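A short worksheet on the structure shown next.
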Amino acid sequence: MAGRSASGGTLDVDASGVLDRGSATRRPMNTMSTNLWQGQVWDSLPSRQQVQTQVIASGCGSVVVGLILTPVQVMKVRWQMLTDLRPPRTGPGATVAAAAPQHANLGSLVTHIYRNEGLLAFWRGLNTMLLMQAPSTAVYMVCYEALKNITRRSLPDEWCVASKYLSPILSGSLGRVVAATAFAPLELIRTNQSAGRAKTIWETAQSILRNRGFMGLYAGLMPTLYRDVPFSAVYWLAFEEGKIALRDSGLPQMRATPLRGIEDGEAEAQPSTVAVFLAAATGGAMAALVTHPFDTIKTRLQVAVTDAKISGVAPPTSMSVVRGMGISIFYRGLGLRLMQIIPGTSSMMITYSLVKRAMGEAP
């Protein structure tokens, strides 16, 4: 008898086993489920052309996001490094960050940066961001797309309803672990540049290696994962469900025109650019609200570690940084982060989907 594989091809099956496509090797029945599962995973992997499209699309999105949002990143990091709005403390209990200039409001901080460091200071760290963001996002998006297809095809049939929720959560989380770990040193360098601790990538890297050794390049990795893994889980779940809900809302503005050469009804309808924008903005805002305290901890830990070593004191730990923070500090810079996340996620996903469509692939 004949059965169908996950990719739609036929498999010749009889009482003794299954005959693979293109092979004369007959496999026993007790391995049939394993073989079919392996076939589903294999068929779920993107082709070389799809990977190239995803890399180009994510790279374009990264450049757009970096150019637009670096000034917001600089202001957010500087604002998070303020300990409080009182005059700086002195004495043995004072922290390195407390010695930094204090500002009553964000406008005062912006004025201080402009007057003392010039206009280009708002784009400090842009070179590191561009160096890091394009390959990091490419790795992240390729991993996410592949894992999403694998999880959707590989989860058991009885999990059909749950799989549409589990797939973006698992795929986004695992993809972020891979990308964040691989590019943690560049993220650390970018954070220190944004905080005004160094001017060049090489100068920052040399300082970290000289004072803390190789593992110093991974300072703040765990807080980064604490922030980015749940952020990715919340964001991708909200984004995937949001764009489907908007696409199916009945509003014509929420459905994209079919790709060239594909008639209506021949393929699943795709969400429009407006739907992608709204879904990405909503998902980014929700994820930022949930994970912002971890972003503040990560920023303060990464900068404090570098400052402490330069000052000759013991480097802080995540718990010591948390104990030195007031409740209000956990959400310091949230407005700036929302200003960064909402346009960042929106412009990234719009650029990503538009480039994919321009290259003939459904977003």
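Chain lettering (A, B, ...) mirrors the order of the structure tokens, residue numbering begins at 1 for each chain separately, and ligand numbering begins at 1 in order of display.
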
Set the distance at 8 Å and use only C-alpha atoms: which residues neighbour range 287-296 of chain A once local chain neighbours fewer than 3 positions away are removed? I'd like the list as a PyMOL selection string.
chain A and resi 80+223-224+226-228+230-232+234-235+283-284+299-300+329-334+337-338+341

Could you save those same residues with N, CA, C and O atoms as an mmCIF file, in the first residue's frame?
data_model
loop_
_atom_site.group_PDB
_atom_site.id
_atom_site.type_symbol
_atom_site.label_atom_id
_atom_site.label_comp_id
_atom_site.auth_asym_id
_atom_site.auth_seq_id
_atom_site.Cartn_x
_atom_site.Cartn_y
_atom_site.Cartn_z
ATOM 1 N N GLN A 80 19.573 54.824 32.646
ATOM 2 C CA GLN A 80 19.540 53.688 33.560
ATOM 3 C C GLN A 80 20.725 53.692 34.521
ATOM 4 O O GLN A 80 20.638 53.125 35.617
ATOM 5 N N PRO A 223 21.967 37.881 32.787
ATOM 6 C CA PRO A 223 20.867 38.859 32.780
ATOM 7 C C PRO A 223 20.330 39.137 31.383
ATOM 8 O O PRO A 223 19.136 39.391 31.204
ATOM 9 N N THR A 224 21.225 39.082 30.379
ATOM 10 C CA THR A 224 20.761 39.262 29.003
ATOM 11 C C THR A 224 19.791 38.148 28.613
ATOM 12 O O THR A 224 18.740 38.408 28.016
ATOM 13 N N TYR A 226 18.086 36.298 30.745
ATOM 14 C CA TYR A 226 16.890 36.466 31.561
ATOM 15 C C TYR A 226 15.934 37.472 30.930
ATOM 16 O O TYR A 226 14.713 37.345 31.049
ATOM 17 N N ARG A 227 16.502 38.470 30.263
ATOM 18 C CA ARG A 227 15.672 39.479 29.598
ATOM 19 C C ARG A 227 15.213 39.016 28.228
ATOM 20 O O ARG A 227 14.024 39.100 27.898
ATOM 21 N N ASP A 228 16.137 38.511 27.410
ATOM 22 C CA ASP A 228 15.840 38.277 26.000
ATOM 23 C C ASP A 228 15.028 37.015 25.740
ATOM 24 O O ASP A 228 14.240 36.981 24.796
ATOM 25 N N PRO A 230 12.594 35.428 27.752
ATOM 26 C CA PRO A 230 11.160 35.691 27.923
ATOM 27 C C PRO A 230 10.634 36.778 26.985
ATOM 28 O O PRO A 230 9.483 36.721 26.558
ATOM 29 N N PHE A 231 11.492 37.760 26.654
ATOM 30 C CA PHE A 231 11.060 38.780 25.699
ATOM 31 C C PHE A 231 10.699 38.128 24.369
ATOM 32 O O PHE A 231 9.652 38.426 23.785
ATOM 33 N N SER A 232 11.575 37.254 23.884
ATOM 34 C CA SER A 232 11.327 36.590 22.600
ATOM 35 C C SER A 232 10.077 35.724 22.659
ATOM 36 O O SER A 232 9.299 35.690 21.707
ATOM 37 N N VAL A 234 7.381 36.054 24.638
ATOM 38 C CA VAL A 234 6.179 36.903 24.659
ATOM 39 C C VAL A 234 5.994 37.600 23.313
ATOM 40 O O VAL A 234 4.878 37.654 22.769
ATOM 41 N N TYR A 235 7.097 38.125 22.766
ATOM 42 C CA TYR A 235 6.996 38.894 21.524
ATOM 43 C C TYR A 235 6.494 38.046 20.366
ATOM 44 O O TYR A 235 5.559 38.444 19.657
ATOM 45 N N GLY A 283 3.265 43.426 20.116
ATOM 46 C CA GLY A 283 4.087 42.382 20.711
ATOM 47 C C GLY A 283 5.322 42.941 21.391
ATOM 48 O O GLY A 283 5.689 42.501 22.487
ATOM 49 N N GLY A 284 5.971 43.921 20.769
ATOM 50 C CA GLY A 284 7.153 44.527 21.368
ATOM 51 C C GLY A 284 6.834 45.256 22.659
ATOM 52 O O GLY A 284 7.590 45.159 23.638
ATOM 53 N N THR A 299 22.143 46.220 32.118
ATOM 54 C CA THR A 299 22.898 47.432 31.796
ATOM 55 C C THR A 299 23.812 47.827 32.948
ATOM 56 O O THR A 299 25.008 48.084 32.764
ATOM 57 N N ARG A 300 23.256 47.864 34.153
ATOM 58 C CA ARG A 300 24.034 48.303 35.311
ATOM 59 C C ARG A 300 25.142 47.303 35.641
ATOM 60 O O ARG A 300 26.246 47.693 36.030
ATOM 61 N N ILE A 329 13.892 52.028 40.392
ATOM 62 C CA ILE A 329 14.978 51.942 39.419
ATOM 63 C C ILE A 329 14.760 50.790 38.451
ATOM 64 O O ILE A 329 15.221 50.828 37.312
ATOM 65 N N PHE A 330 14.043 49.751 38.876
ATOM 66 C CA PHE A 330 13.816 48.599 38.007
ATOM 67 C C PHE A 330 13.152 49.006 36.689
ATOM 68 O O PHE A 330 13.404 48.402 35.643
ATOM 69 N N TYR A 331 12.278 50.008 36.754
ATOM 70 C CA TYR A 331 11.578 50.440 35.538
ATOM 71 C C TYR A 331 12.084 51.780 35.027
ATOM 72 O O TYR A 331 11.424 52.415 34.221
ATOM 73 N N ARG A 332 13.276 52.176 35.501
ATOM 74 C CA ARG A 332 13.863 53.408 34.969
ATOM 75 C C ARG A 332 14.242 53.181 33.506
ATOM 76 O O ARG A 332 14.806 52.168 33.129
ATOM 77 N N GLY A 333 13.903 54.136 32.665
ATOM 78 C CA GLY A 333 14.208 54.018 31.247
ATOM 79 C C GLY A 333 13.171 53.239 30.460
ATOM 80 O O GLY A 333 13.375 52.971 29.272
ATOM 81 N N LEU A 334 12.036 52.870 31.107
ATOM 82 C CA LEU A 334 11.024 52.095 30.384
ATOM 83 C C LEU A 334 10.458 52.881 29.210
ATOM 84 O O LEU A 334 10.265 52.327 28.116
ATOM 85 N N ARG A 337 12.874 52.714 26.521
ATOM 86 C CA ARG A 337 12.940 51.377 25.925
ATOM 87 C C ARG A 337 11.742 51.133 25.020
ATOM 88 O O ARG A 337 11.855 50.510 23.965
ATOM 89 N N LEU A 338 10.572 51.630 25.431
ATOM 90 C CA LEU A 338 9.398 51.515 24.563
ATOM 91 C C LEU A 338 9.605 52.329 23.284
ATOM 92 O O LEU A 338 9.201 51.897 22.194
ATOM 93 N N ILE A 341 11.857 49.936 21.426
ATOM 94 C CA ILE A 341 11.310 48.631 21.055
ATOM 95 C C ILE A 341 10.210 48.752 20.009
ATOM 96 O O ILE A 341 10.207 48.031 18.989
#

Every residue of range 61-245 of chain A that DSSP places in helix (DSSP H, G or I), as number ranges by chain
A: 61-80, 97-99, 106-117, 119-123, 126-154, 157-182, 184-194, 201-212, 214-218, 221-245

For Ala184 in chain A, find every residue with an atom within 8 Å (counting only C-alpha atoms), except residues of its own chain fewer than 5 positions away, and show them as a PyMOL selection string.
chain A and resi 217-218+221

Calculated over only C-alpha atoms, which of the candidates A:Ala269, A:Ala285, A:Val55, A:Met222 has the smallest distance to Ile297 in chain A?
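Among the listed residues, A:Met222 lies closest to Ile297 in chain A.
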
Could you check which of A:Ile342, A:Thr128, A:Leu301, A:Ala138 is closest to Trp202 in chain A, using only C-alpha atoms?
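Checking each candidate against Trp202 in chain A, we get A:Thr128 as the closest.
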
I want to know what sits within 7 Å of range 74-79 of chain A, based on only C-alpha atoms, with residues of the same chain fewer than 3 positions away left out; could you give that as JSON, numbers by chain?
{"A": [70, 71, 82, 122, 194, 195, 299, 333, 336, 337]}

Expected file contents, prior selection, all heavy atoms, as a PDB file, in the first residue's frame:
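Output file result.pdb is given in full below:
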ATOM      1  N   THR A  70      19.861  54.087  17.446  1.00  0.00           N
ATOM      2  CA  THR A  70      21.052  54.226  18.280  1.00  0.00           C
ATOM      3  C   THR A  70      20.962  55.397  19.259  1.00  0.00           C
ATOM      4  O   THR A  70      21.351  55.256  20.423  1.00  0.00           O
ATOM      5  CB  THR A  70      22.314  54.354  17.395  1.00  0.00           C
ATOM      6  OG1 THR A  70      22.476  53.153  16.645  1.00  0.00           O
ATOM      7  CG2 THR A  70      23.554  54.564  18.250  1.00  0.00           C
ATOM      8  N   PRO A  71      20.463  56.583  18.853  1.00  0.00           N
ATOM      9  CA  PRO A  71      20.339  57.672  19.843  1.00  0.00           C
ATOM     10  C   PRO A  71      19.454  57.311  21.033  1.00  0.00           C
ATOM     11  O   PRO A  71      19.756  57.684  22.174  1.00  0.00           O
ATOM     12  CB  PRO A  71      19.715  58.816  19.020  1.00  0.00           C
ATOM     13  CG  PRO A  71      20.133  58.533  17.617  1.00  0.00           C
ATOM     14  CD  PRO A  71      20.104  57.053  17.492  1.00  0.00           C
ATOM     15  N   LEU A  82      21.893  56.186  36.109  1.00  0.00           N
ATOM     16  CA  LEU A  82      21.690  57.102  37.225  1.00  0.00           C
ATOM     17  C   LEU A  82      21.145  56.312  38.403  1.00  0.00           C
ATOM     18  O   LEU A  82      20.193  55.552  38.270  1.00  0.00           O
ATOM     19  CB  LEU A  82      20.716  58.214  36.835  1.00  0.00           C
ATOM     20  CG  LEU A  82      21.100  59.065  35.614  1.00  0.00           C
ATOM     21  CD1 LEU A  82      20.037  60.116  35.364  1.00  0.00           C
ATOM     22  CD2 LEU A  82      22.449  59.726  35.824  1.00  0.00           C
ATOM     23  N   PHE A 122      25.368  60.867  20.312  1.00  0.00           N
ATOM     24  CA  PHE A 122      24.096  60.121  20.319  1.00  0.00           C
ATOM     25  C   PHE A 122      24.166  58.884  19.422  1.00  0.00           C
ATOM     26  O   PHE A 122      23.303  58.014  19.503  1.00  0.00           O
ATOM     27  CB  PHE A 122      22.950  61.030  19.872  1.00  0.00           C
ATOM     28  CG  PHE A 122      22.615  62.104  20.867  1.00  0.00           C
ATOM     29  CD1 PHE A 122      23.061  63.407  20.684  1.00  0.00           C
ATOM     30  CD2 PHE A 122      21.889  61.808  22.001  1.00  0.00           C
ATOM     31  CE1 PHE A 122      22.755  64.400  21.601  1.00  0.00           C
ATOM     32  CE2 PHE A 122      21.581  62.788  22.931  1.00  0.00           C
ATOM     33  CZ  PHE A 122      22.018  64.082  22.730  1.00  0.00           C
ATOM     34  N   SER A 194      27.913  52.947  24.733  1.00  0.00           N
ATOM     35  CA  SER A 194      26.736  53.798  24.913  1.00  0.00           C
ATOM     36  C   SER A 194      26.796  54.544  26.234  1.00  0.00           C
ATOM     37  O   SER A 194      26.303  55.663  26.354  1.00  0.00           O
ATOM     38  CB  SER A 194      25.453  52.945  24.856  1.00  0.00           C
ATOM     39  OG  SER A 194      25.308  52.335  23.592  1.00  0.00           O
ATOM     40  N   ALA A 195      27.396  53.902  27.243  1.00  0.00           N
ATOM     41  CA  ALA A 195      27.520  54.540  28.551  1.00  0.00           C
ATOM     42  C   ALA A 195      28.651  55.554  28.599  1.00  0.00           C
ATOM     43  O   ALA A 195      28.865  56.196  29.625  1.00  0.00           O
ATOM     44  CB  ALA A 195      27.742  53.470  29.628  1.00  0.00           C
ATOM     45  N   THR A 299      22.143  46.220  32.118  1.00  0.00           N
ATOM     46  CA  THR A 299      22.898  47.432  31.796  1.00  0.00           C
ATOM     47  C   THR A 299      23.812  47.827  32.948  1.00  0.00           C
ATOM     48  O   THR A 299      25.008  48.084  32.764  1.00  0.00           O
ATOM     49  CB  THR A 299      21.932  48.586  31.467  1.00  0.00           C
ATOM     50  OG1 THR A 299      21.162  48.240  30.327  1.00  0.00           O
ATOM     51  CG2 THR A 299      22.696  49.870  31.193  1.00  0.00           C
ATOM     52  N   GLY A 333      13.903  54.136  32.665  1.00  0.00           N
ATOM     53  CA  GLY A 333      14.208  54.018  31.247  1.00  0.00           C
ATOM     54  C   GLY A 333      13.171  53.239  30.460  1.00  0.00           C
ATOM     55  O   GLY A 333      13.375  52.971  29.272  1.00  0.00           O
ATOM     56  N   LEU A 336      11.950  55.157  27.446  1.00  0.00           N
ATOM     57  CA  LEU A 336      12.951  55.143  26.376  1.00  0.00           C
ATOM     58  C   LEU A 336      13.020  53.772  25.716  1.00  0.00           C
ATOM     59  O   LEU A 336      13.204  53.662  24.494  1.00  0.00           O
ATOM     60  CB  LEU A 336      14.316  55.514  26.936  1.00  0.00           C
ATOM     61  CG  LEU A 336      14.558  56.997  27.202  1.00  0.00           C
ATOM     62  CD1 LEU A 336      15.843  57.194  27.984  1.00  0.00           C
ATOM     63  CD2 LEU A 336      14.595  57.772  25.896  1.00  0.00           C
ATOM     64  N   ARG A 337      12.874  52.714  26.521  1.00  0.00           N
ATOM     65  CA  ARG A 337      12.940  51.377  25.925  1.00  0.00           C
ATOM     66  C   ARG A 337      11.742  51.133  25.020  1.00  0.00           C
ATOM     67  O   ARG A 337      11.855  50.510  23.965  1.00  0.00           O
ATOM     68  CB  ARG A 337      13.014  50.304  27.011  1.00  0.00           C
ATOM     69  CG  ARG A 337      13.287  48.920  26.427  1.00  0.00           C
ATOM     70  CD  ARG A 337      13.853  47.977  27.443  1.00  0.00           C
ATOM     71  NE  ARG A 337      14.186  46.711  26.780  1.00  0.00           N
ATOM     72  CZ  ARG A 337      13.635  45.545  27.081  1.00  0.00           C
ATOM     73  NH1 ARG A 337      12.734  45.462  28.037  1.00  0.00           N
ATOM     74  NH2 ARG A 337      13.981  44.448  26.443  1.00  0.00           N
TER      75      ARG A 337
END
